[in-house]
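Coordinates as given in input-v4.cif (mmCIF, C-alpha atoms and all ligand atoms):
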```
data_data
loop_
_atom_site.label_atom_id
_atom_site.label_comp_id
_atom_site.auth_asym_id
_atom_site.auth_seq_id
_atom_site.Cartn_x
_atom_site.Cartn_y
_atom_site.Cartn_z
CA MET A 27 150.77 103.45 38.20
CA THR A 28 150.47 99.73 37.51
CA ARG A 29 150.46 98.32 41.00
CA PRO A 30 147.05 96.83 41.87
CA LEU A 31 144.58 98.57 44.14
CA SER A 32 142.83 96.81 47.02
CA SER A 33 141.26 93.66 45.59
CA ARG A 34 138.83 93.48 48.51
CA THR A 35 137.48 96.85 47.46
CA GLN A 36 137.36 95.91 43.79
CA ASN A 37 135.17 92.95 44.70
CA ILE A 38 132.39 95.05 46.12
CA ALA A 39 129.62 96.76 44.18
CA ALA A 40 128.82 100.46 44.42
CA SER A 41 125.61 101.24 46.32
CA LEU A 42 122.83 101.39 43.73
CA THR A 43 120.52 103.45 45.97
CA VAL A 44 123.25 106.07 46.33
CA THR A 45 124.19 105.86 42.63
CA ILE A 46 120.59 106.35 41.46
CA ASP A 47 119.96 109.17 43.93
CA THR A 48 123.14 110.94 42.82
CA LEU A 49 122.30 110.48 39.14
CA ALA A 50 118.72 111.74 39.60
CA LYS A 51 119.89 114.80 41.56
CA GLN A 52 122.50 115.53 38.88
CA MET A 53 119.89 115.24 36.09
CA ILE A 54 117.56 117.59 37.98
CA ALA A 55 120.44 120.06 38.46
CA GLU A 56 121.00 119.92 34.68
CA GLY A 57 117.38 121.01 34.20
CA LYS A 58 116.04 117.57 33.21
CA ASP A 59 112.48 116.63 34.14
CA VAL A 60 113.20 113.81 36.59
CA VAL A 61 110.96 112.50 39.36
CA SER A 62 113.04 110.65 41.92
CA LEU A 63 111.71 108.03 44.30
CA GLY A 64 115.18 106.52 44.45
CA ALA A 65 116.71 107.12 47.85
CA GLY A 66 114.73 106.80 51.04
CA GLU A 67 114.96 110.39 52.17
CA PRO A 68 112.04 112.06 54.01
CA ASP A 69 110.89 115.16 52.15
CA PHE A 70 110.10 117.04 55.39
CA PRO A 71 112.66 119.56 56.68
CA THR A 72 114.70 118.83 59.79
CA PRO A 73 112.41 120.09 62.61
CA GLU A 74 113.15 123.55 63.97
CA PRO A 75 114.10 122.54 67.55
CA ILE A 76 116.81 120.31 66.09
CA ARG A 77 118.14 123.07 63.85
CA GLU A 78 118.08 125.44 66.82
CA ALA A 79 119.99 122.98 68.99
CA ALA A 80 122.65 122.79 66.28
CA CYS A 81 122.88 126.59 65.84
CA LYS A 82 123.16 127.01 69.61
CA ALA A 83 125.96 124.45 69.70
CA ILE A 84 127.86 126.29 66.95
CA ASN A 85 127.40 129.64 68.67
CA GLU A 86 128.55 128.20 71.98
CA GLY A 87 131.72 126.92 70.36
CA LYS A 88 130.84 123.22 70.38
CA THR A 89 132.96 122.87 67.30
CA ARG A 90 135.97 121.00 68.63
CA TYR A 91 136.80 117.31 68.97
CA THR A 92 134.58 115.10 71.09
CA ALA A 93 135.40 111.66 72.51
CA PRO A 94 135.52 109.02 69.73
CA VAL A 95 132.33 107.43 71.09
CA GLY A 96 130.50 110.77 71.21
CA ILE A 97 129.46 113.25 73.88
CA LEU A 98 128.26 111.87 77.18
CA ASP A 99 124.97 113.81 77.34
CA LEU A 100 123.91 112.36 74.01
CA ARG A 101 124.87 108.81 74.93
CA LYS A 102 122.89 109.20 78.16
CA ALA A 103 119.90 110.44 76.16
CA VAL A 104 120.16 107.40 73.86
CA CYS A 105 120.18 105.13 76.94
CA GLU A 106 117.03 106.85 78.19
CA LYS A 107 115.37 106.34 74.81
CA LEU A 108 116.26 102.64 74.79
CA GLU A 109 114.97 102.23 78.34
CA LEU A 110 111.71 104.13 77.88
CA GLU A 111 110.75 103.03 74.38
CA ASN A 112 112.29 99.59 74.12
CA GLY A 113 112.60 98.42 77.73
CA LEU A 114 116.35 97.87 77.21
CA HIS A 115 118.97 98.68 79.82
CA TYR A 116 122.15 100.24 78.47
CA ALA A 117 124.91 102.24 80.13
CA PRO A 118 126.43 105.22 78.26
CA GLU A 119 129.69 103.29 77.71
CA GLN A 120 127.71 100.84 75.56
CA ILE A 121 126.63 103.56 73.12
CA ILE A 122 128.84 104.75 70.27
CA MET A 123 127.66 107.68 68.19
CA THR A 124 128.38 107.22 64.48
CA SER A 125 128.16 109.13 61.21
CA GLY A 126 124.75 107.69 60.35
CA ALA A 127 123.30 104.19 60.63
CA LYS A 128 125.31 102.90 57.65
CA HIS A 129 128.49 103.72 59.55
CA ALA A 130 127.03 101.94 62.60
CA VAL A 131 126.51 98.78 60.51
CA PHE A 132 130.08 99.03 59.29
CA ASN A 133 131.39 99.42 62.86
CA ALA A 134 129.39 96.44 64.07
CA LEU A 135 130.62 94.16 61.30
CA ALA A 136 134.19 95.41 61.66
CA ALA A 137 134.10 94.53 65.36
CA ILE A 138 133.03 90.91 64.88
CA ILE A 139 134.10 89.56 61.47
CA ASN A 140 137.21 87.49 60.87
CA PRO A 141 138.18 86.44 57.33
CA GLY A 142 136.03 83.50 56.25
CA ASP A 143 133.25 84.10 58.76
CA GLU A 144 129.76 83.69 57.38
CA VAL A 145 127.13 86.32 58.06
CA ILE A 146 123.50 85.47 57.40
CA VAL A 147 121.70 88.18 55.46
CA PRO A 148 117.95 87.67 54.99
CA ALA A 149 116.83 88.75 51.51
CA PRO A 150 115.47 91.03 50.24
CA TYR A 151 118.19 92.97 52.04
CA TRP A 152 119.36 96.54 52.11
CA VAL A 153 121.88 96.94 49.31
CA THR A 154 124.79 97.75 51.62
CA TYR A 155 124.79 94.67 53.87
CA PRO A 156 126.38 91.98 51.68
CA GLU A 157 128.92 94.41 50.28
CA LEU A 158 130.14 95.47 53.72
CA VAL A 159 130.38 91.84 54.84
CA LYS A 160 132.51 91.04 51.76
CA TRP A 161 134.63 94.14 52.19
CA LEU A 162 135.49 93.07 55.71
CA GLY A 163 136.55 89.61 54.54
CA GLY A 164 133.39 87.75 55.49
CA THR A 165 130.99 85.74 53.35
CA PRO A 166 127.39 86.87 53.13
CA VAL A 167 125.00 83.92 53.22
CA ILE A 168 121.74 85.02 51.64
CA VAL A 169 118.54 83.47 53.01
CA GLN A 170 115.52 84.30 50.87
CA GLY A 171 112.29 85.54 52.41
CA SER A 172 109.81 85.00 49.60
CA ARG A 173 106.82 87.16 48.78
CA GLU A 174 104.54 84.32 49.93
CA GLN A 175 106.04 84.60 53.43
CA ASP A 176 105.78 88.41 53.43
CA PHE A 177 109.50 88.67 52.64
CA LYS A 178 110.43 87.36 56.09
CA ILE A 179 112.63 84.39 56.91
CA THR A 180 111.60 81.63 59.30
CA ALA A 181 113.47 80.12 62.23
CA GLU A 182 113.68 76.89 60.22
CA GLN A 183 115.37 78.66 57.30
CA LEU A 184 117.81 80.32 59.67
CA LYS A 185 118.68 77.02 61.31
CA ASN A 186 119.24 75.35 57.94
CA ALA A 187 121.54 78.17 56.79
CA CYS A 188 123.87 77.87 59.80
CA THR A 189 127.23 76.16 59.39
CA ASP A 190 130.21 75.94 61.72
CA LYS A 191 131.45 79.16 60.09
CA THR A 192 128.31 81.19 60.81
CA LYS A 193 129.23 84.11 63.01
CA ALA A 194 126.31 86.50 62.86
CA ILE A 195 123.00 87.49 61.37
CA LEU A 196 122.09 90.93 60.12
CA ILE A 197 118.41 91.70 60.68
CA ASN A 198 116.70 94.80 59.33
CA ASN A 199 113.37 95.28 61.08
CA PRO A 200 111.32 97.03 59.70
CA CYS A 201 112.90 96.07 56.42
CA ASN A 202 114.25 98.23 53.64
CA PRO A 203 113.19 97.49 50.83
CA THR A 204 110.12 95.36 51.63
CA GLY A 205 108.58 97.14 54.62
CA ALA A 206 108.21 93.75 56.34
CA VAL A 207 107.91 93.90 60.14
CA TYR A 208 108.62 90.81 62.24
CA SER A 209 106.01 90.03 64.90
CA ARG A 210 106.99 89.28 68.50
CA GLU A 211 106.36 85.56 67.90
CA GLU A 212 108.43 85.48 64.70
CA LEU A 213 111.31 87.25 66.40
CA GLU A 214 111.07 84.99 69.41
CA ALA A 215 111.46 81.95 67.17
CA LEU A 216 114.39 83.50 65.27
CA THR A 217 116.17 84.63 68.43
CA LYS A 218 115.90 81.14 69.92
CA VAL A 219 117.95 79.85 66.98
CA ILE A 220 120.38 82.76 67.27
CA VAL A 221 121.00 81.93 70.94
CA GLU A 222 121.13 78.17 70.32
CA LYS A 223 123.70 78.63 67.52
CA ASP A 224 125.61 81.20 69.59
CA LEU A 225 125.53 83.90 66.88
CA TYR A 226 125.98 87.63 67.09
CA CYS A 227 123.06 89.67 65.87
CA ILE A 228 123.27 93.05 64.20
CA SER A 229 119.79 94.51 64.46
CA ASP A 230 119.26 97.52 62.20
CA GLU A 231 116.24 99.30 63.67
CA VAL A 232 116.52 102.58 61.77
CA TYR A 233 112.86 102.41 60.60
CA GLU A 234 111.59 101.69 64.12
CA TYR A 235 109.24 104.70 64.16
CA PHE A 236 107.65 103.82 60.83
CA VAL A 237 105.43 100.89 61.69
CA TYR A 238 101.78 100.93 60.65
CA ASP A 239 99.22 99.28 62.97
CA ARG A 240 101.72 96.83 64.34
CA GLU A 241 103.97 96.54 67.32
CA PHE A 242 107.70 97.16 67.02
CA VAL A 243 109.83 94.89 69.20
CA SER A 244 113.59 95.22 69.41
CA THR A 245 115.51 92.02 68.69
CA ALA A 246 117.69 92.76 71.72
CA SER A 247 114.73 92.40 74.10
CA PHE A 248 114.48 88.59 73.89
CA ASP A 249 116.08 86.13 76.32
CA GLY A 250 119.82 85.81 75.81
CA MET A 251 119.91 88.47 73.08
CA ALA A 252 121.18 91.67 74.76
CA GLU A 253 124.62 90.15 75.30
CA ARG A 254 124.99 89.20 71.59
CA THR A 255 123.13 92.01 69.81
CA ILE A 256 124.47 95.23 68.36
CA ILE A 257 121.55 97.58 67.80
CA VAL A 258 121.97 99.99 64.91
CA ASN A 259 119.82 103.10 64.79
CA GLY A 260 119.98 106.64 63.47
CA PHE A 261 118.32 110.00 63.16
CA SER A 262 118.24 110.35 59.35
CA LYS A 263 114.80 108.88 58.80
CA SER A 264 113.01 109.50 62.12
CA TYR A 265 114.00 113.14 62.40
CA CYS A 266 114.59 114.04 58.73
CA MET A 267 118.32 114.39 59.29
CA THR A 268 119.74 112.48 56.32
CA GLY A 269 122.48 114.99 55.58
CA TRP A 270 123.55 115.43 59.20
CA ARG A 271 124.98 111.89 59.30
CA ILE A 272 124.27 110.85 62.84
CA GLY A 273 123.40 107.42 64.22
CA TYR A 274 124.60 104.95 66.84
CA ASP A 275 125.59 101.45 67.85
CA ALA A 276 124.26 100.08 71.16
CA ALA A 277 126.38 97.05 72.00
CA PRO A 278 127.53 94.73 74.78
CA ALA A 279 130.31 96.51 76.70
CA ALA A 280 133.20 94.45 75.26
CA ILE A 281 132.05 95.05 71.67
CA ALA A 282 131.38 98.72 72.38
CA LYS A 283 134.97 99.08 73.53
CA ILE A 284 136.26 97.63 70.26
CA ILE A 285 133.96 99.85 68.20
CA GLY A 286 135.24 102.87 70.13
CA LYS A 287 138.79 101.82 69.22
CA ILE A 288 137.92 101.39 65.53
CA GLN A 289 136.22 104.75 65.49
CA GLY A 290 139.09 106.51 67.27
CA GLN A 291 141.43 105.32 64.52
CA ALA A 292 139.13 105.70 61.52
CA VAL A 293 137.08 108.88 61.92
CA HIS A 294 137.69 110.08 65.49
CA HIS A 295 133.97 110.88 65.99
CA PRO A 296 130.85 112.04 64.14
CA SER A 297 130.36 115.79 63.78
CA ASN A 298 130.17 117.54 67.15
CA VAL A 299 127.38 119.84 65.91
CA ALA A 300 125.34 116.90 64.57
CA GLN A 301 125.62 115.30 68.00
CA TYR A 302 124.06 118.37 69.64
CA ALA A 303 121.36 118.32 66.96
CA ALA A 304 120.68 114.67 67.91
CA ILE A 305 120.21 115.70 71.55
CA GLY A 306 117.59 118.16 70.27
CA ALA A 307 115.93 115.32 68.35
CA LEU A 308 115.81 112.99 71.35
CA LYS A 309 114.22 115.80 73.40
CA MET A 310 111.45 115.98 70.78
CA GLY A 311 110.97 112.23 71.11
CA ARG A 312 109.03 109.52 69.38
CA GLU A 313 105.62 111.24 69.58
CA SER A 314 106.85 114.14 67.46
CA VAL A 315 107.32 111.70 64.59
CA ALA A 316 103.65 110.58 64.63
CA PRO A 317 102.37 113.19 62.09
CA MET A 318 105.08 112.16 59.62
CA ARG A 319 104.20 108.50 60.13
CA GLU A 320 100.55 109.29 59.39
CA ALA A 321 101.54 111.18 56.25
CA PHE A 322 103.59 108.18 55.11
CA ARG A 323 100.71 105.82 55.83
CA LYS A 324 98.44 107.83 53.50
CA ARG A 325 101.15 107.91 50.87
CA ARG A 326 101.62 104.18 51.18
CA ASP A 327 97.90 103.61 50.60
CA TYR A 328 97.98 105.94 47.61
CA MET A 329 100.95 104.10 46.10
CA ILE A 330 99.25 100.74 46.60
CA GLU A 331 96.07 101.97 44.95
CA ARG A 332 97.83 103.53 41.97
CA THR A 333 100.31 100.74 41.32
CA SER A 334 97.64 98.03 41.74
CA ALA A 335 95.77 99.57 38.81
CA VAL A 336 98.66 98.81 36.48
CA LEU A 337 100.52 95.81 37.96
CA THR A 338 99.30 92.33 37.11
CA THR A 339 100.44 91.13 40.54
CA PRO A 340 99.70 93.91 43.06
CA ALA A 341 102.35 94.85 45.62
CA LYS A 342 101.80 93.82 49.20
CA SER A 343 100.95 96.74 51.48
CA PRO A 344 104.08 97.23 53.62
CA ASP A 345 103.72 97.19 57.40
CA GLY A 346 106.68 99.46 58.00
CA ALA A 347 109.43 101.75 56.64
CA PHE A 348 108.52 103.94 53.62
CA TYR A 349 109.20 101.76 50.61
CA LEU A 350 106.95 99.92 48.22
CA PHE A 351 108.51 96.76 46.80
CA ALA A 352 106.45 96.12 43.70
CA PRO A 353 106.50 92.90 41.66
CA VAL A 354 107.18 93.71 38.01
CA SER A 355 108.52 90.46 36.55
CA ASP A 356 105.26 89.95 34.59
CA PHE A 357 106.57 92.72 32.34
CA TYR A 358 109.89 91.03 31.61
CA GLY A 359 110.14 89.84 28.01
CA LYS A 360 108.04 92.77 26.77
CA SER A 361 109.42 95.41 24.42
CA THR A 362 109.72 99.14 24.80
CA PRO A 363 108.25 101.34 22.03
CA GLU A 364 111.85 101.57 20.74
CA GLY A 365 111.99 97.78 20.44
CA LYS A 366 114.26 97.03 23.40
CA VAL A 367 113.29 93.92 25.36
CA ILE A 368 113.00 94.38 29.13
CA GLU A 369 115.03 91.54 30.61
CA ASP A 370 115.09 92.32 34.31
CA SER A 371 114.57 94.93 37.05
CA ILE A 372 117.66 96.87 35.97
CA GLY A 373 116.38 97.02 32.38
CA LEU A 374 112.96 98.16 33.55
CA CYS A 375 114.41 100.91 35.76
CA GLN A 376 116.63 102.07 32.90
CA TYR A 377 113.58 102.28 30.63
CA LEU A 378 111.60 104.20 33.29
CA LEU A 379 114.42 106.71 33.71
CA GLU A 380 115.15 107.16 30.01
CA LYS A 381 111.56 107.19 28.76
CA GLU A 382 109.72 108.91 31.61
CA GLY A 383 112.38 110.48 33.82
CA LEU A 384 111.29 108.29 36.74
CA ALA A 385 114.09 107.18 39.09
CA ILE A 386 113.37 104.10 41.21
CA VAL A 387 115.65 101.28 42.35
CA PRO A 388 115.83 97.81 40.72
CA GLY A 389 115.00 94.91 43.02
CA ALA A 390 118.25 93.25 41.89
CA ALA A 391 120.09 95.68 44.17
CA PHE A 392 118.25 94.14 47.12
CA GLY A 393 118.59 90.49 46.11
CA ASP A 394 115.19 90.13 44.42
CA ASP A 395 115.13 90.76 40.69
CA THR A 396 111.35 90.30 40.40
CA CYS A 397 110.59 93.68 42.02
CA VAL A 398 111.39 97.38 41.94
CA ARG A 399 111.55 99.71 44.95
CA PHE A 400 109.73 103.03 45.25
CA SER A 401 110.45 105.32 48.19
CA TYR A 402 107.20 107.04 49.19
CA ALA A 403 108.92 109.50 51.52
CA ALA A 404 108.11 112.17 48.95
CA ASP A 405 105.38 114.82 48.74
CA ASP A 406 101.96 114.05 47.26
CA ALA A 407 102.52 115.91 43.98
CA THR A 408 105.75 113.99 43.38
CA LEU A 409 104.06 110.67 44.10
CA THR A 410 101.21 111.49 41.71
CA LYS A 411 103.67 112.39 38.96
CA ALA A 412 105.70 109.24 39.64
CA CYS A 413 102.63 107.00 39.46
CA ASP A 414 101.43 108.68 36.24
CA ARG A 415 104.82 108.05 34.67
CA PHE A 416 105.04 104.48 35.92
CA GLU A 417 101.60 103.71 34.55
CA ARG A 418 102.31 105.33 31.18
CA ALA A 419 105.61 103.51 30.83
CA LEU A 420 104.19 100.09 31.68
CA LYS A 421 101.23 100.62 29.37
CA GLY A 422 103.71 101.50 26.62
CA LEU A 423 105.34 98.05 26.77
CA ARG A 424 104.39 95.59 24.03
CA CYS A 425 104.48 91.80 23.82
CA SER A 426 107.65 90.77 22.00
CA THR A 427 107.17 88.71 18.90
N1 LIG B 1 119.03 104.16 53.14
C1 LIG B 1 118.47 104.89 52.07
C2 LIG B 1 118.00 104.00 50.95
O1 LIG B 1 118.04 102.80 51.03
C3 LIG B 1 119.41 105.98 51.61
C4 LIG B 1 120.45 105.61 50.61
C5 LIG B 1 121.43 104.59 51.14
O2 LIG B 1 122.23 104.94 51.97
O3 LIG B 1 121.31 103.45 50.71
O4 LIG B 1 117.55 104.51 49.97
#
```

Could I get this structure in the form of structure tokens?
Ligand code: GLU
Amino acid sequence: MTRPLSSRTQNIAASLTVTIDTLAKQMIAEGKDVVSLGAGEPDFPTPEPIREAACKAINEGKTRYTAPVGILDLRKAVCEKLELENGLHYAPEQIIMTSGAKHAVFNALAAIINPGDEVIVPAPYWVTYPELVKWLGGTPVIVQGSREQDFKITAEQLKNACTDKTKAILINNPCNPTGAVYSREELEALTKVIVEKDLYCISDEVYEYFVYDREFVSTASFDGMAERTIIVNGFSKSYCMTGWRIGYDAAPAAIAKIIGKIQGQAVHHPSNVAQYAAIGALKMGRESVAPMREAFRKRRDYMIERTSAVLTTPAKSPDGAFYLFAPVSDFYGKSTPEGKVIEDSIGLCQYLLEKEGLAIVPGAAFGDDTCVRFSYAADDATLTKACDRFERALKGLRCST
């Protein structure tokens, strides 16, 4: 065949988090000694009540089609969660169950973007955001949150980035990869600009339960925001359900209707069984996640301690999520024992994988080439091994002549 394939698709990059995770898992399956802190995937098993809810659903024959937007009992349970935990009032027809939070981001963008629309994406960003915006015909406008400002953007920066083509902003709070958490005051200032500029807001809150000693506030809870915000959330991280692929959009009614239409044509609905599992998860509730959050907090502190011993510029202790975004650019320009010069975060990650069998993600994937991302949602022994390897590899670098 010589006829061209979709040029829109050819213009997007493959997800580097997914690529690295797949490669590491393949290398492990081939018997290679690889330690992977690539993908953000909690190491704990899916809790038993959730598995039981799924088994019960299968045995009761809940294996047929559901409505495109998902089963009513689950959407009601999501509304209750939003009311109780976030003080937000949603009706079940505003909730659309999706195949994971990534799918919910896709739905949200698909519902609002027209070709040429600009979508503001604060950086460092999750790898998928700009690519989905491009795929849907929009233009991602990257606004940099520097390390000095804790990787967050200010209301002033947002205002300056707006043009007459700006349609929306995509906020990830807490943030993957930096772990930054916006305070109430910071969000208030940002949302004032969002309302003033009449933008839509896609608020990805998938790390909501992983906030350390800080308050989590939903972007949708500010004045004028509920009617313009699409909340994205999911069960993968909070309830260790990565492979179940279940998440949701919570949107203003008119947008929810469009998302339901998109979903009815594209995938029909997320897995019926996974939806029953999600009901089981919501019954367990936020408090059940507390022990995992405490485990992650200890792991975070361990990672900070270990990496600070080897990095010239220590990483900032993240306030949320389960990633460490570590500055490594001081090592650029140095040579590996084999004489290869490390040019950038991709080069460093390649060296770590080849030399030490350590899989982590280059900051370049997230719009900041000065850093690398570790996921610390892994058990203690794995983290120890990873830190040993990281330290050995960095100590093995030499000044180039
Ligand atoms: N969200 C996780 C990560 O950033 C899983 C992989 C992905 O979907 O990107 O590592």

Report task. Would you please work out which residue, of A:Ser247, A:Thr180, A:Thr92, A:Thr72, is nearest to Gly306 in chain A when using all atoms listed in the file? Result ->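 Among the listed residues, the smallest separation from Gly306 in chain A belongs to A:Thr72.
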
Query raised in the report: So which residues touch range 216-224 of chain A within 6 Å, counting all atoms listed in the file, skipping near sequence neighbours fewer than 2 positions away, as a list in words?
Result: Ala181, Leu213 and Glu214 of chain A

**Report entry** Env. residues ligand LIG 1 (chain B) / 9 Å / only C-alpha atoms and all ligand atoms / as a VMD selection string
**Finding:** chain A and resid 41 to 45 47 63 to 67 127 to 128 152 to 154 202 to 203 262 to 263 268 349 387 401

Query - Long-range neighbours of Lys58 in chain A as a PyMOL selection string, 12 Å cut-off, only C-alpha atoms, 2 positions minimum in chain - result: chain A and resi 49-56+60-62+379-380+382-384

Query raised in the report: For Glu331 in chain A, which residue among A:Leu423, A:Ile146, A:Cys397, A:Ser343 is the nearest when counting all atoms listed in the file?
Result: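 That would be A:Ser343, the residue with the smallest distance to Glu331 in chain A.
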
Report task. Can you work out which one of A:Arg77, A:Arg325, A:Arg399, A:Lys191 has the shortest atom-to-atom distance to Ala352 in chain A, counting all atoms listed in the file? Result ->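 For Ala352 in chain A, the nearest of the given residues is A:Arg399.
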
**Report entry** Interatomic distance (Å, one decimal) between CA of Ile139 in chain A and CA of Cys201 in chain A
**Finding:**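 Interatomic distance here is 22.7 Å.
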
**Report entry** Interatomic distance (Å, one decimal) between CA of Asp99 in chain A and CA of Tyr233 in chain A
**Finding:**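 Here the two named atoms are 23.6 Å from each other.
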
Report task. Excluding Arg332 in chain A and any residue of its chain fewer than 3 positions from it, enumerate the residues within 9 Å of it, using all atoms listed in the file, and give them as a ChimeraX atom specification. Result -> /A:327-329,335-336,410,413-414,417

Report task. Mind giving me the straight-line distance from CA of Gly96 in chain A to CA of Met123 in chain A in Å, one decimal? Result ->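 Calculated distance between CA of Gly96 in chain A and CA of Met123 in chain A is 5.2 Å.
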
Query raised in the report: Using all atoms listed in the file, which residue out of A:Ala390, A:Leu135, A:Ile76, A:Met27 lies closest to Lys160 in chain A?
Result: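 Among A:Ala390, A:Leu135, A:Ile76, A:Met27, it is A:Leu135 that comes nearest to Lys160 in chain A.
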
Query - Expected residue set, 7 Å radius at (120.0, 92.1, 49.4), all atoms listed in the file, as a count of residues only - result: 9

Query raised in the report: Leaving out Ala307 in chain A and any residue of its chain fewer than 6 positions from it, which residues lie within 12 Å of it when counting all atoms listed in the file, given as an MDAnalysis selection string?
Result: chainID A and resid 72:80 100 103:104 107 260:267 270 272:273 300:301 313:315

Query - Which residue of A:Ala39, A:Ile386, A:Ala93, A:Val159 approaches Val145 in chain A most closely, using all atoms listed in the file - result: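 Ranking A:Ala39, A:Ile386, A:Ala93, A:Val159 by distance to Val145 in chain A, first place goes to A:Val159.
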
Query raised in the report: Which of these, A:Asn112, A:Ser297, A:Thr124, A:Asn186, has the shortest distance to Lys88 in chain A once you count all atoms listed in the file?
Result: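 So, comparing all the options, the nearest one is A:Ser297.
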
Quick one: residues within 6 Å of (107.0, 99.1, 60.6) (file frame), counting all atoms listed in the file, please, as an mmCIF file with C-alpha atoms, in the frame of the given file.
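That gives us result-v4.cif:
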```cif
data_model
loop_
_atom_site.group_PDB
_atom_site.id
_atom_site.type_symbol
_atom_site.label_atom_id
_atom_site.label_comp_id
_atom_site.auth_asym_id
_atom_site.auth_seq_id
_atom_site.Cartn_x
_atom_site.Cartn_y
_atom_site.Cartn_z
ATOM 1 C CA PRO A 200 111.320 97.030 59.700
ATOM 2 C CA VAL A 207 107.910 93.900 60.140
ATOM 3 C CA PHE A 236 107.650 103.820 60.830
ATOM 4 C CA VAL A 237 105.430 100.890 61.690
ATOM 5 C CA TYR A 238 101.780 100.930 60.650
ATOM 6 C CA ASP A 345 103.720 97.190 57.400
ATOM 7 C CA GLY A 346 106.680 99.460 58.000
ATOM 8 C CA ALA A 347 109.430 101.750 56.640
#
```

5 Å per side around range 52-71 of chain A: axis-aligned box centre and edge lengths, as JSON:
```
{"center_x": 116.3, "center_y": 113.8, "center_z": 44.9, "size_x": 22.4, "size_y": 24.5, "size_z": 33.5}
```

Query - Lys193 in chain A environment, 6 Å, only C-alpha atoms, sequence neighbours closer than 2 positions dropped, as number ranges by chain - result: A: 143-145, 225

Will you model N, CA and C atoms for range 113-126 of chain A and pass it back as a compact mmCIF listing (two decimals), keeping the file's coordinate frame?
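And here is the file that came out, out.txt:
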```
# COMPACT_ATOMS: atom_id res chain seq x y z
N GLY A 113 112.44 99.23 76.52
CA GLY A 113 112.60 98.42 77.73
C GLY A 113 113.98 97.78 77.81
N LEU A 114 114.99 98.43 77.23
CA LEU A 114 116.35 97.87 77.21
C LEU A 114 117.25 98.69 78.14
N HIS A 115 118.12 97.99 78.85
CA HIS A 115 118.97 98.68 79.82
C HIS A 115 120.39 98.80 79.27
N TYR A 116 120.79 100.00 78.97
CA TYR A 116 122.15 100.24 78.47
C TYR A 116 122.81 101.31 79.32
N ALA A 117 124.12 101.20 79.47
CA ALA A 117 124.91 102.24 80.13
C ALA A 117 125.56 103.08 79.03
N PRO A 118 125.86 104.36 79.31
CA PRO A 118 126.43 105.22 78.26
C PRO A 118 127.67 104.62 77.59
N GLU A 119 128.48 103.84 78.34
CA GLU A 119 129.69 103.29 77.71
C GLU A 119 129.37 102.19 76.68
N GLN A 120 128.10 101.82 76.59
CA GLN A 120 127.71 100.84 75.56
C GLN A 120 127.19 101.51 74.29
N ILE A 121 127.16 102.82 74.28
CA ILE A 121 126.63 103.56 73.12
C ILE A 121 127.79 104.24 72.38
N ILE A 122 127.84 104.05 71.08
CA ILE A 122 128.84 104.75 70.27
C ILE A 122 128.11 105.54 69.21
N MET A 123 128.29 106.84 69.22
CA MET A 123 127.66 107.68 68.19
C MET A 123 128.46 107.53 66.90
N THR A 124 127.74 107.48 65.78
CA THR A 124 128.38 107.22 64.48
C THR A 124 127.91 108.23 63.44
N SER A 125 128.58 108.23 62.30
CA SER A 125 128.16 109.13 61.21
C SER A 125 127.05 108.46 60.41
N GLY A 126 125.89 108.32 61.00
CA GLY A 126 124.75 107.69 60.35
C GLY A 126 124.67 106.20 60.66
```
